[in-house]
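Colleague: Data file entry.pdb (PDB, C-alpha atoms, pLDDT in the B column) is appended below.
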ATOM      1  CA  MET B   1      87.864 126.168  95.331  1.00 59.00           C
ATOM      2  CA  ARG B   2      90.244 123.243  95.800  1.00 64.00           C
ATOM      3  CA  LYS B   3      88.088 120.219  96.586  1.00 73.00           C
ATOM      4  CA  LYS B   4      90.730 117.662  97.601  1.00 91.00           C
ATOM      5  CA  THR B   5      93.534 117.888 100.148  1.00 93.00           C
ATOM      6  CA  VAL B   6      96.949 116.209 100.113  1.00 92.00           C
ATOM      7  CA  PHE B   7      99.379 116.061 103.035  1.00 92.00           C
ATOM      8  CA  ILE B   8     103.061 115.587 102.112  1.00 91.00           C
ATOM      9  CA  THR B   9     105.816 114.922 104.641  1.00 88.00           C
ATOM     10  CA  GLY B  10     109.277 116.229 103.802  1.00 84.00           C
ATOM     11  CA  GLY B  11     107.779 118.645 101.315  1.00 83.00           C
ATOM     12  CA  ALA B  12     110.205 121.571 101.479  1.00 79.00           C
ATOM     13  CA  LYS B  13     113.032 120.384  99.212  1.00 78.00           C
ATOM     14  CA  ARG B  14     114.014 118.227  96.261  1.00 83.00           C
ATOM     15  CA  ILE B  15     111.453 115.535  95.314  1.00 89.00           C
ATOM     16  CA  GLY B  16     109.131 116.596  98.125  1.00 86.00           C
ATOM     17  CA  ALA B  17     108.961 120.167  96.826  1.00 88.00           C
ATOM     18  CA  SER B  18     108.335 118.834  93.317  1.00 88.00           C
ATOM     19  CA  MET B  19     105.322 116.890  94.601  1.00 90.00           C
ATOM     20  CA  VAL B  20     104.032 119.943  96.482  1.00 89.00           C
ATOM     21  CA  ASN B  21     104.116 121.984  93.275  1.00 88.00           C
ATOM     22  CA  TYR B  22     102.715 119.175  91.145  1.00 90.00           C
ATOM     23  CA  PHE B  23      99.673 118.553  93.337  1.00 91.00           C
ATOM     24  CA  HIS B  24      99.091 122.290  93.710  1.00 87.00           C
ATOM     25  CA  GLU B  25      98.944 122.513  89.910  1.00 88.00           C
ATOM     26  CA  GLN B  26      96.453 119.617  89.901  1.00 89.00           C
ATOM     27  CA  ASN B  27      94.099 121.777  91.994  1.00 87.00           C
ATOM     28  CA  TYR B  28      94.761 120.095  95.359  1.00 91.00           C
ATOM     29  CA  LYS B  29      94.908 121.986  98.615  1.00 89.00           C
ATOM     30  CA  VAL B  30      98.466 121.223  99.715  1.00 89.00           C
ATOM     31  CA  ILE B  31      99.612 120.919 103.315  1.00 87.00           C
ATOM     32  CA  PHE B  32     103.210 119.889 103.900  1.00 84.00           C
ATOM     33  CA  HIS B  33     105.538 119.076 106.777  1.00 81.00           C
ATOM     34  CA  TYR B  34     109.239 119.807 107.116  1.00 76.00           C
ATOM     35  CA  ASN B  35     111.909 119.072 109.714  1.00 73.00           C
ATOM     36  CA  HIS B  36     115.031 121.223 109.349  1.00 63.00           C
ATOM     37  CA  SER B  37     114.340 123.008 106.057  1.00 58.00           C
ATOM     38  CA  LYS B  38     112.433 125.957 107.490  1.00 63.00           C
ATOM     39  CA  GLN B  39     113.764 128.549 105.056  1.00 63.00           C
ATOM     40  CA  GLU B  40     112.941 126.440 101.999  1.00 63.00           C
ATOM     41  CA  ALA B  41     109.502 125.583 103.405  1.00 58.00           C
ATOM     42  CA  GLU B  42     108.596 129.195 104.045  1.00 61.00           C
ATOM     43  CA  LYS B  43     109.785 130.227 100.581  1.00 65.00           C
ATOM     44  CA  LEU B  44     107.776 127.489  98.891  1.00 58.00           C
ATOM     45  CA  SER B  45     104.701 128.246 100.985  1.00 65.00           C
ATOM     46  CA  LEU B  46     104.887 131.945 100.116  1.00 59.00           C
ATOM     47  CA  GLU B  47     105.199 131.128  96.423  1.00 63.00           C
ATOM     48  CA  LEU B  48     102.124 128.899  96.451  1.00 59.00           C
ATOM     49  CA  ASN B  49     100.112 131.169  98.703  1.00 59.00           C
ATOM     50  CA  GLY B  50     100.942 133.952  96.286  1.00 56.00           C
ATOM     51  CA  LYS B  51      99.059 131.990  93.660  1.00 51.00           C
ATOM     52  CA  GLU B  52      96.173 131.123  95.961  1.00 48.00           C
ATOM     53  CA  ALA B  53      95.741 131.055  99.739  1.00 41.00           C
ATOM     54  CA  GLY B  54      95.226 127.687 101.404  1.00 40.00           C
ATOM     55  CA  SER B  55      98.595 125.932 101.837  1.00 40.00           C
ATOM     56  CA  ALA B  56     100.473 125.516 105.105  1.00 36.00           C
ATOM     57  CA  SER B  57     103.547 123.886 106.631  1.00 34.00           C
ATOM     58  CA  LYS B  58     103.999 122.473 110.144  1.00 36.00           C
ATOM     59  CA  GLU B  59     107.224 122.348 112.091  1.00 40.00           C
ATOM     60  CA  SER B  60     106.684 119.415 114.430  1.00 46.00           C
ATOM     61  CA  ILE B  61     105.499 115.923 113.619  1.00 49.00           C
ATOM     62  CA  ASP B  62     104.489 115.144 117.205  1.00 51.00           C
ATOM     63  CA  SER B  63     101.095 116.802 116.777  1.00 72.00           C
ATOM     64  CA  THR B  64     100.886 116.507 113.013  1.00 80.00           C
ATOM     65  CA  VAL B  65      97.396 115.028 112.795  1.00 87.00           C
ATOM     66  CA  ALA B  66      95.898 117.575 115.171  1.00 87.00           C
ATOM     67  CA  GLU B  67      97.676 120.438 113.424  1.00 82.00           C
ATOM     68  CA  PHE B  68      96.511 119.186 110.032  1.00 87.00           C
ATOM     69  CA  TYR B  69      92.865 119.226 111.041  1.00 90.00           C
ATOM     70  CA  LYS B  70      93.211 122.821 112.198  1.00 89.00           C
ATOM     71  CA  VAL B  71      93.695 123.859 108.580  1.00 85.00           C
ATOM     72  CA  SER B  72      91.656 121.216 106.758  1.00 90.00           C
ATOM     73  CA  LYS B  73      88.535 119.251 107.663  1.00 92.00           C
ATOM     74  CA  GLU B  74      89.267 116.532 105.123  1.00 94.00           C
ATOM     75  CA  ILE B  75      92.262 114.507 103.919  1.00 95.00           C
ATOM     76  CA  ASN B  76      92.199 112.748 100.568  1.00 96.00           C
ATOM     77  CA  VAL B  77      95.850 111.815 100.027  1.00 96.00           C
ATOM     78  CA  LEU B  78      98.733 111.155 102.429  1.00 96.00           C
ATOM     79  CA  ILE B  79     102.240 111.068 100.938  1.00 94.00           C
ATOM     80  CA  ASN B  80     104.958 109.769 103.266  1.00 95.00           C
ATOM     81  CA  ASN B  81     108.063 111.291 101.718  1.00 90.00           C
ATOM     82  CA  ALA B  82     110.180 112.470 104.695  1.00 84.00           C
ATOM     83  CA  SER B  83     113.286 110.322 105.103  1.00 86.00           C
ATOM     84  CA  SER B  84     116.762 110.109 106.614  1.00 85.00           C
ATOM     85  CA  PHE B  85     119.519 108.755 104.363  1.00 85.00           C
ATOM     86  CA  TYR B  86     123.190 108.278 105.215  1.00 87.00           C
ATOM     87  CA  PRO B  87     125.764 105.442 105.207  1.00 89.00           C
ATOM     88  CA  THR B  88     126.115 103.184 108.242  1.00 92.00           C
ATOM     89  CA  PRO B  89     128.958 100.646 107.735  1.00 94.00           C
ATOM     90  CA  LEU B  90     128.256  97.768 110.091  1.00 93.00           C
ATOM     91  CA  GLN B  91     131.346  98.088 112.304  1.00 93.00           C
ATOM     92  CA  ASN B  92     130.499 101.708 113.060  1.00 93.00           C
ATOM     93  CA  ALA B  93     126.707 101.483 113.080  1.00 93.00           C
ATOM     94  CA  THR B  94     124.980 102.579 116.270  1.00 95.00           C
ATOM     95  CA  GLU B  95     121.634 101.842 117.850  1.00 93.00           C
ATOM     96  CA  GLU B  96     120.867 105.563 117.688  1.00 91.00           C
ATOM     97  CA  GLU B  97     121.373 105.551 113.898  1.00 93.00           C
ATOM     98  CA  TRP B  98     119.151 102.500 113.526  1.00 93.00           C
ATOM     99  CA  ILE B  99     116.384 104.107 115.574  1.00 91.00           C
ATOM    100  CA  ASN B 100     116.655 107.336 113.562  1.00 89.00           C
ATOM    101  CA  LEU B 101     116.535 105.610 110.183  1.00 92.00           C
ATOM    102  CA  LEU B 102     113.729 103.290 111.247  1.00 93.00           C
ATOM    103  CA  ASN B 103     111.710 106.144 112.767  1.00 89.00           C
ATOM    104  CA  THR B 104     111.892 108.458 109.769  1.00 88.00           C
ATOM    105  CA  ASN B 105     111.503 105.816 107.072  1.00 93.00           C
ATOM    106  CA  THR B 106     109.049 103.383 108.666  1.00 94.00           C
ATOM    107  CA  THR B 107     107.670 104.247 112.103  1.00 91.00           C
ATOM    108  CA  THR B 108     106.496 107.762 111.282  1.00 89.00           C
ATOM    109  CA  PRO B 109     104.692 106.688 108.075  1.00 93.00           C
ATOM    110  CA  LEU B 110     103.045 103.828 109.978  1.00 93.00           C
ATOM    111  CA  PHE B 111     101.635 106.033 112.717  1.00 91.00           C
ATOM    112  CA  LEU B 112     100.667 108.829 110.348  1.00 92.00           C
ATOM    113  CA  ILE B 113      98.584 106.285 108.449  1.00 95.00           C
ATOM    114  CA  LYS B 114      97.050 105.199 111.736  1.00 92.00           C
ATOM    115  CA  GLY B 115      96.370 108.786 112.752  1.00 92.00           C
ATOM    116  CA  PHE B 116      94.724 109.650 109.445  1.00 94.00           C
ATOM    117  CA  GLN B 117      92.926 106.313 109.011  1.00 95.00           C
ATOM    118  CA  GLU B 118      89.521 107.647 109.995  1.00 95.00           C
ATOM    119  CA  GLY B 119      89.793 110.659 107.711  1.00 96.00           C
ATOM    120  CA  LEU B 120      91.112 108.636 104.782  1.00 97.00           C
ATOM    121  CA  THR B 121      88.375 106.040 105.247  1.00 98.00           C
ATOM    122  CA  LYS B 122      85.729 108.747 105.249  1.00 97.00           C
ATOM    123  CA  SER B 123      87.046 110.291 102.035  1.00 97.00           C
ATOM    124  CA  LYS B 124      87.908 106.922 100.443  1.00 97.00           C
ATOM    125  CA  GLY B 125      91.401 108.329 100.084  1.00 97.00           C
ATOM    126  CA  CYS B 126      94.813 106.837  99.490  1.00 97.00           C
ATOM    127  CA  VAL B 127      98.373 106.712 100.807  1.00 98.00           C
ATOM    128  CA  ILE B 128     101.603 106.833  98.809  1.00 97.00           C
ATOM    129  CA  ASN B 129     104.800 105.817 100.614  1.00 98.00           C
ATOM    130  CA  ILE B 130     108.118 106.867  99.080  1.00 96.00           C
ATOM    131  CA  SER B 131     110.620 104.009  99.114  1.00 96.00           C
ATOM    132  CA  ASP B 132     113.891 103.412  97.236  1.00 95.00           C
ATOM    133  CA  SER B 133     114.271 101.258  94.132  1.00 95.00           C
ATOM    134  CA  LEU B 134     117.494  99.596  95.341  1.00 91.00           C
ATOM    135  CA  ALA B 135     116.674  99.141  99.035  1.00 90.00           C
ATOM    136  CA  PRO B 136     115.010  95.687  98.776  1.00 84.00           C
ATOM    137  CA  ARG B 137     118.116  94.386  96.966  1.00 89.00           C
ATOM    138  CA  GLY B 138     120.386  95.786  99.666  1.00 91.00           C
ATOM    139  CA  ILE B 139     122.825  98.692  99.410  1.00 91.00           C
ATOM    140  CA  LYS B 140     126.425  98.275 100.584  1.00 92.00           C
ATOM    141  CA  ASN B 141     127.159 100.378 103.692  1.00 93.00           C
ATOM    142  CA  PHE B 142     123.482 101.415 103.850  1.00 93.00           C
ATOM    143  CA  SER B 143     122.127  98.290 105.550  1.00 95.00           C
ATOM    144  CA  LEU B 144     120.139 100.166 108.199  1.00 95.00           C
ATOM    145  CA  TYR B 145     118.525 102.458 105.648  1.00 94.00           C
ATOM    146  CA  SER B 146     117.812  99.516 103.316  1.00 95.00           C
ATOM    147  CA  GLY B 147     116.223  97.576 106.158  1.00 96.00           C
ATOM    148  CA  ALA B 148     113.976 100.497 107.047  1.00 96.00           C
ATOM    149  CA  LYS B 149     112.833 101.020 103.447  1.00 96.00           C
ATOM    150  CA  GLY B 150     112.291  97.280 103.049  1.00 96.00           C
ATOM    151  CA  ALA B 151     110.050  97.385 106.109  1.00 96.00           C
ATOM    152  CA  LEU B 152     108.147 100.299 104.588  1.00 97.00           C
ATOM    153  CA  GLU B 153     107.404  98.282 101.454  1.00 97.00           C
ATOM    154  CA  THR B 154     106.201  95.360 103.566  1.00 97.00           C
ATOM    155  CA  LEU B 155     103.971  97.720 105.549  1.00 97.00           C
ATOM    156  CA  THR B 156     102.585  99.022 102.268  1.00 98.00           C
ATOM    157  CA  LYS B 157     101.467  95.517 101.295  1.00 98.00           C
ATOM    158  CA  SER B 158     100.112  94.591 104.717  1.00 98.00           C
ATOM    159  CA  LEU B 159      98.243  97.822 105.383  1.00 98.00           C
ATOM    160  CA  ALA B 160      96.770  97.732 101.878  1.00 98.00           C
ATOM    161  CA  LYS B 161      95.096  94.475 102.872  1.00 98.00           C
ATOM    162  CA  GLU B 162      94.099  95.734 106.309  1.00 98.00           C
ATOM    163  CA  LEU B 163      92.548  99.032 105.203  1.00 98.00           C
ATOM    164  CA  ALA B 164      90.878  97.770 102.022  1.00 98.00           C
ATOM    165  CA  PRO B 165      88.447  98.416 100.479  1.00 98.00           C
ATOM    166  CA  ALA B 166      88.074 101.961 101.805  1.00 98.00           C
ATOM    167  CA  VAL B 167      91.715 103.109 101.632  1.00 98.00           C
ATOM    168  CA  ARG B 168      94.289 102.276  98.961  1.00 98.00           C
ATOM    169  CA  ILE B 169      97.980 102.162  99.896  1.00 98.00           C
ATOM    170  CA  ASN B 170     100.834 102.029  97.380  1.00 98.00           C
ATOM    171  CA  ALA B 171     104.492 103.011  97.192  1.00 98.00           C
ATOM    172  CA  VAL B 172     106.734 104.721  94.656  1.00 98.00           C
ATOM    173  CA  ALA B 173     110.414 103.754  94.661  1.00 97.00           C
ATOM    174  CA  PRO B 174     112.649 106.325  92.935  1.00 96.00           C
ATOM    175  CA  GLY B 175     115.967 105.510  91.337  1.00 94.00           C
ATOM    176  CA  ILE B 176     118.616 108.090  90.428  1.00 92.00           C
ATOM    177  CA  ILE B 177     116.659 111.333  90.399  1.00 89.00           C
ATOM    178  CA  LEU B 178     118.773 113.948  92.191  1.00 85.00           C
ATOM    179  CA  TRP B 179     122.423 113.500  93.113  1.00 82.00           C
ATOM    180  CA  PRO B 180     123.488 114.141  96.743  1.00 75.00           C
ATOM    181  CA  GLU B 181     123.868 117.837  97.525  1.00 71.00           C
ATOM    182  CA  ASN B 182     127.205 117.439  99.315  1.00 67.00           C
ATOM    183  CA  GLY B 183     129.082 116.736  96.082  1.00 61.00           C
ATOM    184  CA  GLU B 184     130.620 113.502  97.367  1.00 70.00           C
ATOM    185  CA  ILE B 185     129.889 111.758  94.049  1.00 80.00           C
ATOM    186  CA  ASP B 186     132.161 112.940  91.215  1.00 85.00           C
ATOM    187  CA  ASP B 187     131.424 112.745  87.487  1.00 87.00           C
ATOM    188  CA  GLU B 188     133.315 109.478  87.080  1.00 90.00           C
ATOM    189  CA  GLU B 189     131.246 107.792  89.769  1.00 89.00           C
ATOM    190  CA  LYS B 190     128.037 109.231  88.314  1.00 90.00           C
ATOM    191  CA  ASN B 191     128.858 107.796  84.894  1.00 93.00           C
ATOM    192  CA  LYS B 192     129.616 104.419  86.468  1.00 92.00           C
ATOM    193  CA  ILE B 193     126.238 104.405  88.205  1.00 90.00           C
ATOM    194  CA  LEU B 194     124.363 105.476  85.063  1.00 94.00           C
ATOM    195  CA  LYS B 195     125.826 102.532  83.143  1.00 94.00           C
ATOM    196  CA  ASN B 196     123.513 100.353  85.246  1.00 93.00           C
ATOM    197  CA  VAL B 197     120.458 102.382  84.246  1.00 95.00           C
ATOM    198  CA  ASP B 198     118.777 101.013  81.118  1.00 95.00           C
ATOM    199  CA  LEU B 199     117.703 104.482  79.987  1.00 95.00           C
ATOM    200  CA  GLY B 200     121.249 105.761  80.499  1.00 94.00           C
ATOM    201  CA  ARG B 201     120.362 108.919  82.397  1.00 94.00           C
ATOM    202  CA  ALA B 202     119.155 110.265  85.708  1.00 93.00           C
ATOM    203  CA  GLY B 203     115.473 110.966  86.132  1.00 94.00           C
ATOM    204  CA  ASP B 204     113.750 114.215  86.992  1.00 93.00           C
ATOM    205  CA  PRO B 205     111.680 115.024  90.107  1.00 91.00           C
ATOM    206  CA  ILE B 206     108.655 115.392  87.833  1.00 94.00           C
ATOM    207  CA  ASP B 207     108.990 111.685  87.015  1.00 95.00           C
ATOM    208  CA  ILE B 208     108.302 110.880  90.667  1.00 95.00           C
ATOM    209  CA  SER B 209     105.600 113.496  91.116  1.00 94.00           C
ATOM    210  CA  SER B 210     103.693 112.278  88.073  1.00 95.00           C
ATOM    211  CA  ALA B 211     104.010 108.630  89.179  1.00 97.00           C
ATOM    212  CA  VAL B 212     102.693 109.509  92.633  1.00 96.00           C
ATOM    213  CA  TYR B 213      99.814 111.445  91.100  1.00 96.00           C
ATOM    214  CA  PHE B 214      99.021 108.518  88.784  1.00 97.00           C
ATOM    215  CA  LEU B 215      98.641 106.214  91.779  1.00 98.00           C
ATOM    216  CA  THR B 216      96.255 108.651  93.459  1.00 96.00           C
ATOM    217  CA  GLN B 217      94.010 108.345  90.399  1.00 96.00           C
ATOM    218  CA  ALA B 218      94.431 104.596  89.778  1.00 97.00           C
ATOM    219  CA  ASN B 219      91.416 103.355  91.712  1.00 97.00           C
ATOM    220  CA  TYR B 220      92.032  99.642  91.072  1.00 98.00           C
ATOM    221  CA  ILE B 221      95.658  99.543  92.248  1.00 98.00           C
ATOM    222  CA  THR B 222      96.636  98.881  95.861  1.00 98.00           C
ATOM    223  CA  GLY B 223      99.458  97.153  97.723  1.00 98.00           C
ATOM    224  CA  GLN B 224     101.952  97.806  94.915  1.00 98.00           C
ATOM    225  CA  THR B 225     105.411  99.389  94.704  1.00 98.00           C
ATOM    226  CA  LEU B 226     106.045 101.248  91.460  1.00 98.00           C
ATOM    227  CA  ARG B 227     109.776 101.513  90.684  1.00 97.00           C
ATOM    228  CA  VAL B 228     110.608 104.677  88.776  1.00 97.00           C
ATOM    229  CA  ASP B 229     114.299 104.115  88.113  1.00 96.00           C
ATOM    230  CA  GLY B 230     114.927 103.974  84.368  1.00 95.00           C
ATOM    231  CA  GLY B 231     115.170 100.183  84.511  1.00 93.00           C
ATOM    232  CA  ARG B 232     118.016 100.052  87.025  1.00 91.00           C
ATOM    233  CA  SER B 233     116.296  97.538  89.294  1.00 87.00           C
TER     234      SER B 233
END
Can you give me the file's structure in the form of structure tokens?
Modeller:
Amino acid sequence: MRKKTVFITGGAKRIGASMVNYFHEQNYKVIFHYNHSKQEAEKLSLELNGKEAGSASKESIDSTVAEFYKVSKEINVLINNASSFYPTPLQNATEEEWINLLNTNTTTPLFLIKGFQEGLTKSKGCVINISDSLAPRGIKNFSLYSGAKGALETLTKSLAKELAPAVRINAVAPGIILWPENGEIDDEEKNKILKNVDLGRAGDPIDISSAVYFLTQANYITGQTLRVDGGRS
């Protein structure tokens, strides 16, 4: 009996999985995409389908729009969460890395919005792009990633104007929410980073999920980037 549908890219792990669970609890039909995290995606899908049938995950983004409409006639919310993130010091940066970071962080969200424009217009839906609270300021050794996220925030503003009044488009920019999984940041470095956070602590994935959900309900907000970073920016 779920009346609204949300599509979340990069929904198998970490913040993406938190949003999948959060929207499922808010009575949305949840459809999510993943790239390499097949095992996590299948586990999450089984858990949600165990509660109620109606969720799905898709392996390839090439035919995402067509695949989506095979399992849902309507889209109400598009969340562009999938992202590549890794350091690219300038002297070693490659064109291939730039294309990868730009594609995952900017190009794919752009063309997913285009692909779902008709459906979102029909449902008077909305788009939430996931950015990064520090990217617009620049991040040392992450120039390519920062540039791609900066472009995403600019797209958010421009497309909000272009698709208004039918479709609202906003962004959420997380701060320190989950530390890298590879363990390359030790406790000393973590404490150093947290000294720059006004609230003095890392956030929780639920902080991002709830902010994203808020923007789906905030019918008079569009073209904005909400920074959820404990005051760091």
Colleague: Skip Leu155 in chain B itself and residues of its chain fewer than 3 positions away, then list as a VMD selection string all residues within 12 Å of it, counting only C-alpha atoms.
Modeller: chain B and resid 105 to 111 113 to 114 127 to 131 148 to 152 158 to 163 169 to 171 223 to 225
Colleague: What does the structure give for the distance between CA of Lys4 in chain B and CA of Met19 in chain B, in Å to one decimal?
Modeller: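 CA of Met19 in chain B lies 14.9 Å from CA of Lys4 in chain B.
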Colleague: Run the PyMOL selection byres ((chain B and resi 90-94) around 9) mentally over the shown coordinates, then write out the matched residues as an MDAnalysis selection string, using the chain letters and numbers from the document.
Modeller: chainID B and resid 87:89 95:99 141:144
Colleague: With C-alpha atoms retained, export the selected residues as a PDB file, keeping the file's coordinate frame.
Modeller:
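Wrote it out as result-v7.pdb, contents follow:
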ATOM      1  CA  PRO B  87     125.764 105.442 105.207  1.00 89.00           C
ATOM      2  CA  THR B  88     126.115 103.184 108.242  1.00 92.00           C
ATOM      3  CA  PRO B  89     128.958 100.646 107.735  1.00 94.00           C
ATOM      4  CA  GLU B  95     121.634 101.842 117.850  1.00 93.00           C
ATOM      5  CA  GLU B  96     120.867 105.563 117.688  1.00 91.00           C
ATOM      6  CA  GLU B  97     121.373 105.551 113.898  1.00 93.00           C
ATOM      7  CA  TRP B  98     119.151 102.500 113.526  1.00 93.00           C
ATOM      8  CA  ILE B  99     116.384 104.107 115.574  1.00 91.00           C
ATOM      9  CA  ASN B 141     127.159 100.378 103.692  1.00 93.00           C
ATOM     10  CA  PHE B 142     123.482 101.415 103.850  1.00 93.00           C
ATOM     11  CA  SER B 143     122.127  98.290 105.550  1.00 95.00           C
ATOM     12  CA  LEU B 144     120.139 100.166 108.199  1.00 95.00           C
TER      13      LEU B 144
END
Colleague: Taking the file as shown, what set of residues would the PyMOL selection byres ((chain B and resi 228) around 12) give back, as a count of residues only?
Modeller: 34
Colleague: Do you have the CA of Ser72 in chain B-CA of Ile8 in chain B distance handy?
Modeller: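 For CA of Ser72 in chain B relative to CA of Ile8 in chain B, the distance reads 13.5 Å.
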Colleague: Using all atoms listed in the file, find the one residue out of B:Lys3, B:Leu194, B:Glu153, B:Lys13 that sits nearest to Tyr28 in chain B.
Modeller: B:Lys3
Colleague: Would you mind reading off the distance between CA of Val71 in chain B and CA of His33 in chain B, one decimal, in Å?
Modeller: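 The value is 12.9 Å.
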